[in-house]
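Engineer: I'm passing along protein.cif; it holds mmCIF, N, CA and C atoms.
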```
data_entry
loop_
_atom_site.group_PDB
_atom_site.id
_atom_site.type_symbol
_atom_site.label_atom_id
_atom_site.label_comp_id
_atom_site.auth_asym_id
_atom_site.auth_seq_id
_atom_site.Cartn_x
_atom_site.Cartn_y
_atom_site.Cartn_z
ATOM 1 N N MET Q 14 0.838 -1.177 0.000
ATOM 2 C CA MET Q 14 0.000 0.000 0.000
ATOM 3 C C MET Q 14 0.885 1.244 0.000
ATOM 4 N N THR Q 15 0.486 2.249 -0.730
ATOM 5 C CA THR Q 15 1.253 3.475 -0.860
ATOM 6 C C THR Q 15 1.039 4.374 0.345
ATOM 7 N N LYS Q 16 2.128 4.912 0.864
ATOM 8 C CA LYS Q 16 2.023 5.874 1.960
ATOM 9 C C LYS Q 16 1.706 7.237 1.376
ATOM 10 N N ARG Q 17 0.891 7.980 2.077
ATOM 11 C CA ARG Q 17 0.549 9.334 1.656
ATOM 12 C C ARG Q 17 0.959 10.294 2.765
ATOM 13 N N LYS Q 18 1.439 11.446 2.363
ATOM 14 C CA LYS Q 18 1.855 12.451 3.322
ATOM 15 C C LYS Q 18 1.062 13.724 3.057
ATOM 16 N N ALA Q 19 0.516 14.290 4.093
ATOM 17 C CA ALA Q 19 -0.212 15.555 3.970
ATOM 18 C C ALA Q 19 0.787 16.661 3.663
ATOM 19 N N TYR Q 20 0.383 17.556 2.757
ATOM 20 C CA TYR Q 20 1.244 18.657 2.377
ATOM 21 C C TYR Q 20 0.373 19.885 2.114
ATOM 22 N N PRO Q 21 0.595 20.976 2.863
ATOM 23 C CA PRO Q 21 -0.199 22.179 2.610
ATOM 24 C C PRO Q 21 0.213 22.787 1.267
ATOM 25 N N LEU Q 22 -0.751 23.203 0.491
ATOM 26 C CA LEU Q 22 -0.476 23.729 -0.836
ATOM 27 C C LEU Q 22 -1.059 25.133 -0.956
ATOM 28 N N ARG Q 23 -0.222 26.067 -1.314
ATOM 29 C CA ARG Q 23 -0.701 27.421 -1.616
ATOM 30 C C ARG Q 23 -0.873 27.477 -3.117
ATOM 31 N N ILE Q 24 -2.070 27.813 -3.560
ATOM 32 C CA ILE Q 24 -2.359 27.806 -4.979
ATOM 33 C C ILE Q 24 -3.321 28.949 -5.314
ATOM 34 N N ASN Q 25 -3.125 29.528 -6.452
ATOM 35 C CA ASN Q 25 -4.007 30.591 -6.934
ATOM 36 C C ASN Q 25 -5.428 30.047 -6.997
ATOM 37 N N GLU Q 26 -6.393 30.805 -6.492
ATOM 38 C CA GLU Q 26 -7.760 30.294 -6.411
ATOM 39 C C GLU Q 26 -8.378 30.029 -7.788
ATOM 40 N N ASP Q 27 -7.980 30.788 -8.805
ATOM 41 C CA ASP Q 27 -8.496 30.538 -10.156
ATOM 42 C C ASP Q 27 -7.972 29.207 -10.704
ATOM 43 N N ILE Q 28 -6.716 28.928 -10.428
ATOM 44 C CA ILE Q 28 -6.136 27.647 -10.864
ATOM 45 C C ILE Q 28 -6.805 26.504 -10.127
ATOM 46 N N LEU Q 29 -7.004 26.658 -8.832
ATOM 47 C CA LEU Q 29 -7.664 25.616 -8.053
ATOM 48 C C LEU Q 29 -9.089 25.369 -8.553
ATOM 49 N N ALA Q 30 -9.800 26.439 -8.885
ATOM 50 C CA ALA Q 30 -11.161 26.290 -9.402
ATOM 51 C C ALA Q 30 -11.160 25.529 -10.730
ATOM 52 N N ALA Q 31 -10.180 25.824 -11.591
ATOM 53 C CA ALA Q 31 -10.075 25.118 -12.868
ATOM 54 C C ALA Q 31 -9.744 23.647 -12.645
ATOM 55 N N VAL Q 32 -8.849 23.370 -11.705
ATOM 56 C CA VAL Q 32 -8.498 21.980 -11.377
ATOM 57 C C VAL Q 32 -9.718 21.264 -10.814
ATOM 58 N N GLN Q 33 -10.493 21.938 -9.988
ATOM 59 C CA GLN Q 33 -11.694 21.328 -9.411
ATOM 60 C C GLN Q 33 -12.712 20.983 -10.497
ATOM 61 N N ARG Q 34 -12.902 21.878 -11.462
ATOM 62 C CA ARG Q 34 -13.823 21.588 -12.570
ATOM 63 C C ARG Q 34 -13.330 20.383 -13.371
ATOM 64 N N TRP Q 35 -12.035 20.336 -13.641
ATOM 65 C CA TRP Q 35 -11.443 19.219 -14.381
ATOM 66 C C TRP Q 35 -11.622 17.931 -13.587
ATOM 67 N N ALA Q 36 -11.362 17.981 -12.290
ATOM 68 C CA ALA Q 36 -11.515 16.811 -11.429
ATOM 69 C C ALA Q 36 -12.967 16.341 -11.428
ATOM 70 N N ASP Q 37 -13.903 17.273 -11.368
ATOM 71 C CA ASP Q 37 -15.327 16.925 -11.392
ATOM 72 C C ASP Q 37 -15.676 16.200 -12.695
ATOM 73 N N ASP Q 38 -15.127 16.685 -13.807
ATOM 74 C CA ASP Q 38 -15.376 16.055 -15.111
ATOM 75 C C ASP Q 38 -14.879 14.612 -15.152
ATOM 76 N N GLU Q 39 -13.797 14.336 -14.425
ATOM 77 C CA GLU Q 39 -13.190 13.003 -14.436
ATOM 78 C C GLU Q 39 -13.524 12.194 -13.184
ATOM 79 N N LEU Q 40 -14.484 12.691 -12.407
ATOM 80 C CA LEU Q 40 -14.962 12.011 -11.193
ATOM 81 C C LEU Q 40 -13.832 11.743 -10.198
ATOM 82 N N ARG Q 41 -12.986 12.745 -10.013
ATOM 83 C CA ARG Q 41 -11.906 12.681 -9.028
ATOM 84 C C ARG Q 41 -12.074 13.828 -8.051
ATOM 85 N N SER Q 42 -11.394 13.726 -6.928
ATOM 86 C CA SER Q 42 -11.303 14.871 -6.023
ATOM 87 C C SER Q 42 -10.245 15.819 -6.586
ATOM 88 N N ALA Q 43 -10.255 17.056 -6.135
ATOM 89 C CA ALA Q 43 -9.227 18.005 -6.579
ATOM 90 C C ALA Q 43 -7.845 17.505 -6.164
ATOM 91 N N ASN Q 44 -7.750 16.936 -4.970
ATOM 92 C CA ASN Q 44 -6.481 16.404 -4.499
ATOM 93 C C ASN Q 44 -5.979 15.287 -5.415
ATOM 94 N N ALA Q 45 -6.855 14.367 -5.777
ATOM 95 C CA ALA Q 45 -6.467 13.264 -6.671
ATOM 96 C C ALA Q 45 -6.087 13.801 -8.047
ATOM 97 N N GLN Q 46 -6.773 14.842 -8.508
ATOM 98 C CA GLN Q 46 -6.459 15.425 -9.809
ATOM 99 C C GLN Q 46 -5.072 16.071 -9.794
ATOM 100 N N ILE Q 47 -4.749 16.788 -8.730
ATOM 101 C CA ILE Q 47 -3.431 17.410 -8.603
ATOM 102 C C ILE Q 47 -2.354 16.331 -8.569
ATOM 103 N N GLU Q 48 -2.590 15.261 -7.810
ATOM 104 C CA GLU Q 48 -1.623 14.165 -7.750
ATOM 105 C C GLU Q 48 -1.457 13.516 -9.125
ATOM 106 N N TYR Q 49 -2.560 13.319 -9.840
ATOM 107 C CA TYR Q 49 -2.524 12.755 -11.192
ATOM 108 C C TYR Q 49 -1.691 13.648 -12.118
ATOM 109 N N LEU Q 50 -1.931 14.942 -12.073
ATOM 110 C CA LEU Q 50 -1.200 15.875 -12.930
ATOM 111 C C LEU Q 50 0.293 15.891 -12.608
ATOM 112 N N LEU Q 51 0.619 15.884 -11.328
ATOM 113 C CA LEU Q 51 2.024 15.858 -10.934
ATOM 114 C C LEU Q 51 2.701 14.557 -11.381
ATOM 115 N N ARG Q 52 1.998 13.428 -11.204
ATOM 116 C CA ARG Q 52 2.545 12.141 -11.620
ATOM 117 C C ARG Q 52 2.811 12.128 -13.124
ATOM 118 N N GLN Q 53 1.832 12.606 -13.908
ATOM 119 C CA GLN Q 53 1.978 12.632 -15.368
ATOM 120 C C GLN Q 53 3.143 13.538 -15.779
ATOM 121 N N ALA Q 54 3.299 14.677 -15.118
ATOM 122 C CA ALA Q 54 4.398 15.592 -15.425
ATOM 123 C C ALA Q 54 5.750 14.943 -15.107
ATOM 124 N N LEU Q 55 5.826 14.215 -14.002
ATOM 125 C CA LEU Q 55 7.068 13.530 -13.633
ATOM 126 C C LEU Q 55 7.434 12.450 -14.641
ATOM 127 N N VAL Q 56 6.441 11.692 -15.081
ATOM 128 C CA VAL Q 56 6.684 10.638 -16.069
ATOM 129 C C VAL Q 56 7.107 11.266 -17.394
ATOM 130 N N LYS Q 57 6.375 12.283 -17.832
ATOM 131 C CA LYS Q 57 6.660 12.928 -19.123
ATOM 132 C C LYS Q 57 8.059 13.537 -19.148
ATOM 133 N N SER Q 58 8.498 14.100 -18.021
ATOM 134 C CA SER Q 58 9.816 14.732 -17.955
ATOM 135 C C SER Q 58 10.943 13.719 -17.796
ATOM 136 N N GLY Q 59 10.582 12.447 -17.587
ATOM 137 C CA GLY Q 59 11.593 11.415 -17.421
ATOM 138 C C GLY Q 59 12.196 11.358 -16.033
ATOM 139 N N ARG Q 60 11.587 12.018 -15.084
ATOM 140 C CA ARG Q 60 12.122 12.021 -13.722
ATOM 141 C C ARG Q 60 11.741 10.768 -12.945
ATOM 142 N N VAL Q 61 10.638 10.155 -13.317
ATOM 143 C CA VAL Q 61 10.221 8.882 -12.738
ATOM 144 C C VAL Q 61 9.631 8.035 -13.856
ATOM 145 N N LYS Q 62 9.516 6.743 -13.609
ATOM 146 C CA LYS Q 62 8.866 5.895 -14.600
ATOM 147 C C LYS Q 62 7.603 5.302 -14.007
ATOM 148 N N LEU Q 63 6.628 5.095 -14.860
ATOM 149 C CA LEU Q 63 5.363 4.511 -14.446
ATOM 150 C C LEU Q 63 5.529 3.003 -14.496
ATOM 151 N N VAL Q 64 5.448 2.360 -13.338
ATOM 152 C CA VAL Q 64 5.691 0.925 -13.238
ATOM 153 C C VAL Q 64 4.428 0.135 -13.545
ATOM 154 N N ASP Q 65 3.292 0.584 -13.035
ATOM 155 C CA ASP Q 65 2.034 -0.140 -13.203
ATOM 156 C C ASP Q 65 0.919 0.878 -13.338
ATOM 157 N N LYS Q 66 0.050 0.705 -14.327
ATOM 158 C CA LYS Q 66 -0.993 1.694 -14.559
ATOM 159 C C LYS Q 66 -2.139 1.595 -13.560
ATOM 160 N N VAL Q 67 -2.301 0.471 -12.888
ATOM 161 C CA VAL Q 67 -3.380 0.327 -11.917
ATOM 162 C C VAL Q 67 -2.927 0.860 -10.564
ATOM 163 N N ILE Q 68 -1.789 0.415 -10.113
ATOM 164 C CA ILE Q 68 -1.213 0.891 -8.868
ATOM 165 C C ILE Q 68 0.098 1.571 -9.244
ATOM 166 N N THR Q 69 0.144 2.866 -9.142
ATOM 167 C CA THR Q 69 1.312 3.618 -9.570
ATOM 168 C C THR Q 69 2.394 3.567 -8.510
ATOM 169 N N GLN Q 70 3.545 3.113 -8.920
ATOM 170 C CA GLN Q 70 4.713 3.125 -8.064
ATOM 171 C C GLN Q 70 5.713 4.039 -8.729
ATOM 172 N N VAL Q 71 6.110 5.099 -8.046
ATOM 173 C CA VAL Q 71 7.045 6.046 -8.616
ATOM 174 C C VAL Q 71 8.455 5.582 -8.281
ATOM 175 N N VAL Q 72 9.271 5.430 -9.322
ATOM 176 C CA VAL Q 72 10.639 4.953 -9.162
ATOM 177 C C VAL Q 72 11.570 6.011 -9.699
ATOM 178 N N ASP Q 73 12.573 6.376 -8.929
ATOM 179 C CA ASP Q 73 13.547 7.375 -9.351
ATOM 180 C C ASP Q 73 14.311 6.863 -10.559
ATOM 181 N N THR Q 74 14.386 7.642 -11.619
ATOM 182 C CA THR Q 74 15.053 7.211 -12.845
ATOM 183 C C THR Q 74 16.567 7.154 -12.682
ATOM 184 N N LYS Q 75 17.105 7.734 -11.637
ATOM 185 C CA LYS Q 75 18.550 7.667 -11.397
ATOM 186 C C LYS Q 75 18.977 6.231 -11.106
ATOM 187 N N ASP Q 76 18.046 5.385 -10.659
ATOM 188 C CA ASP Q 76 18.357 3.991 -10.360
ATOM 189 C C ASP Q 76 18.676 3.196 -11.623
ATOM 190 N N ASP Q 77 18.207 3.686 -12.794
ATOM 191 C CA ASP Q 77 18.419 2.989 -14.051
ATOM 192 C C ASP Q 77 19.815 3.176 -14.609
ATOM 193 N N LYS Q 78 20.546 4.130 -14.131
ATOM 194 C CA LYS Q 78 21.856 4.460 -14.721
ATOM 195 C C LYS Q 78 22.975 3.773 -14.015
#
```
Output the file's structure in the form of structure tokens.

Structural biologist:
Amino acid sequence: MTKRKAYPLRINEDILAAVQRWADDELRSANAQIEYLLRQALVKSGRVKLVDKVITQVVDTKDDK
């Protein structure tokens, strides 16, 4: 099971409202949507790799070198 850590986030209210609308469209919470977006950005940038699409395990790409 994945551990989760609470983290206070300061975010522009207009951006948060847009994220909330997007999350509502995809039947997610705003928190889950932010986590999804961050995960996708990390994978796209090559900083982590997506190990499993059902249960996401973030692995540091430095381990591959």

Engineer: Counting only N, CA and C atoms, find the residues whose atoms lie at most 8 Å from (10.3, 8.2, -15.2) (file coordinates) and write them out as an MDAnalysis selection string.

Structural biologist: chainID Q and resid 55:64 71:75

Engineer: Do you have the atom N of Arg52 in chain Q-atom N of Ala31 in chain Q distance handy?

Structural biologist: 17.4 Å

Engineer: Each side padded by 8 Å, which centre and which edge lengths in Å (one decimal) define the axis-aligned box around the listed atoms of range 24-43 of chain Q? Give them as AutoDock Vina command-line options.

Structural biologist:
```
--center_x -8.9 --center_y 21.3 --center_z -9.4 --size_x 29.6 --size_y 35.1 --size_z 27.6
```

Engineer: In Å to one decimal, how far is atom N of Asp37 in chain Q from atom C of Lys16 in chain Q?

Structural biologist: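 Between atom C of Lys16 in chain Q and atom N of Asp37 in chain Q the gap is 22.5 Å.
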
Engineer: Can you measure CA of Arg17 in chain Q to atom N of Glu39 in chain Q for me? One decimal in Å is fine.

Structural biologist: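 Calculated distance between CA of Arg17 in chain Q and atom N of Glu39 in chain Q is 22.1 Å.
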
Engineer: So which residues touch Glu48 in chain Q within 12 Å, counting only C-alpha atoms, skipping near sequence neighbours fewer than 5 positions away, as a PDB file with N, CA and C atoms, in the frame of the given file?

Structural biologist:
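Generated file (selection_17.pdb):
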```pdb
ATOM      1  N   ARG Q  17       0.891   7.980   2.077  1.00  0.00           N
ATOM      2  CA  ARG Q  17       0.549   9.334   1.656  1.00  0.00           C
ATOM      3  C   ARG Q  17       0.959  10.294   2.765  1.00  0.00           C
ATOM      4  N   LYS Q  18       1.439  11.446   2.363  1.00  0.00           N
ATOM      5  CA  LYS Q  18       1.855  12.451   3.322  1.00  0.00           C
ATOM      6  C   LYS Q  18       1.062  13.724   3.057  1.00  0.00           C
ATOM      7  N   ALA Q  19       0.516  14.290   4.093  1.00  0.00           N
ATOM      8  CA  ALA Q  19      -0.212  15.555   3.970  1.00  0.00           C
ATOM      9  C   ALA Q  19       0.787  16.661   3.663  1.00  0.00           C
ATOM     10  N   TYR Q  20       0.383  17.556   2.757  1.00  0.00           N
ATOM     11  CA  TYR Q  20       1.244  18.657   2.377  1.00  0.00           C
ATOM     12  C   TYR Q  20       0.373  19.885   2.114  1.00  0.00           C
ATOM     13  N   LEU Q  22      -0.751  23.203   0.491  1.00  0.00           N
ATOM     14  CA  LEU Q  22      -0.476  23.729  -0.836  1.00  0.00           C
ATOM     15  C   LEU Q  22      -1.059  25.133  -0.956  1.00  0.00           C
ATOM     16  N   VAL Q  32      -8.849  23.370 -11.705  1.00  0.00           N
ATOM     17  CA  VAL Q  32      -8.498  21.980 -11.377  1.00  0.00           C
ATOM     18  C   VAL Q  32      -9.718  21.264 -10.814  1.00  0.00           C
ATOM     19  N   ALA Q  36     -11.362  17.981 -12.290  1.00  0.00           N
ATOM     20  CA  ALA Q  36     -11.515  16.811 -11.429  1.00  0.00           C
ATOM     21  C   ALA Q  36     -12.967  16.341 -11.428  1.00  0.00           C
ATOM     22  N   ARG Q  41     -12.986  12.745 -10.013  1.00  0.00           N
ATOM     23  CA  ARG Q  41     -11.906  12.681  -9.028  1.00  0.00           C
ATOM     24  C   ARG Q  41     -12.074  13.828  -8.051  1.00  0.00           C
ATOM     25  N   SER Q  42     -11.394  13.726  -6.928  1.00  0.00           N
ATOM     26  CA  SER Q  42     -11.303  14.871  -6.023  1.00  0.00           C
ATOM     27  C   SER Q  42     -10.245  15.819  -6.586  1.00  0.00           C
ATOM     28  N   ALA Q  43     -10.255  17.056  -6.135  1.00  0.00           N
ATOM     29  CA  ALA Q  43      -9.227  18.005  -6.579  1.00  0.00           C
ATOM     30  C   ALA Q  43      -7.845  17.505  -6.164  1.00  0.00           C
ATOM     31  N   GLN Q  53       1.832  12.606 -13.908  1.00  0.00           N
ATOM     32  CA  GLN Q  53       1.978  12.632 -15.368  1.00  0.00           C
ATOM     33  C   GLN Q  53       3.143  13.538 -15.779  1.00  0.00           C
ATOM     34  N   ALA Q  54       3.299  14.677 -15.118  1.00  0.00           N
ATOM     35  CA  ALA Q  54       4.398  15.592 -15.425  1.00  0.00           C
ATOM     36  C   ALA Q  54       5.750  14.943 -15.107  1.00  0.00           C
ATOM     37  N   LEU Q  55       5.826  14.215 -14.002  1.00  0.00           N
ATOM     38  CA  LEU Q  55       7.068  13.530 -13.633  1.00  0.00           C
ATOM     39  C   LEU Q  55       7.434  12.450 -14.641  1.00  0.00           C
ATOM     40  N   THR Q  69       0.144   2.866  -9.142  1.00  0.00           N
ATOM     41  CA  THR Q  69       1.312   3.618  -9.570  1.00  0.00           C
ATOM     42  C   THR Q  69       2.394   3.567  -8.510  1.00  0.00           C
ATOM     43  N   VAL Q  71       6.110   5.099  -8.046  1.00  0.00           N
ATOM     44  CA  VAL Q  71       7.045   6.046  -8.616  1.00  0.00           C
ATOM     45  C   VAL Q  71       8.455   5.582  -8.281  1.00  0.00           C
TER      46      VAL Q  71
END
```

Engineer: Go through chain Q and collect every residue that DSSP, computed from the backbone, puts in helix (DSSP H, G or I); the answer should be as a PyMOL selection string.

Structural biologist: chain Q and resi 26-38+43-57+74-77
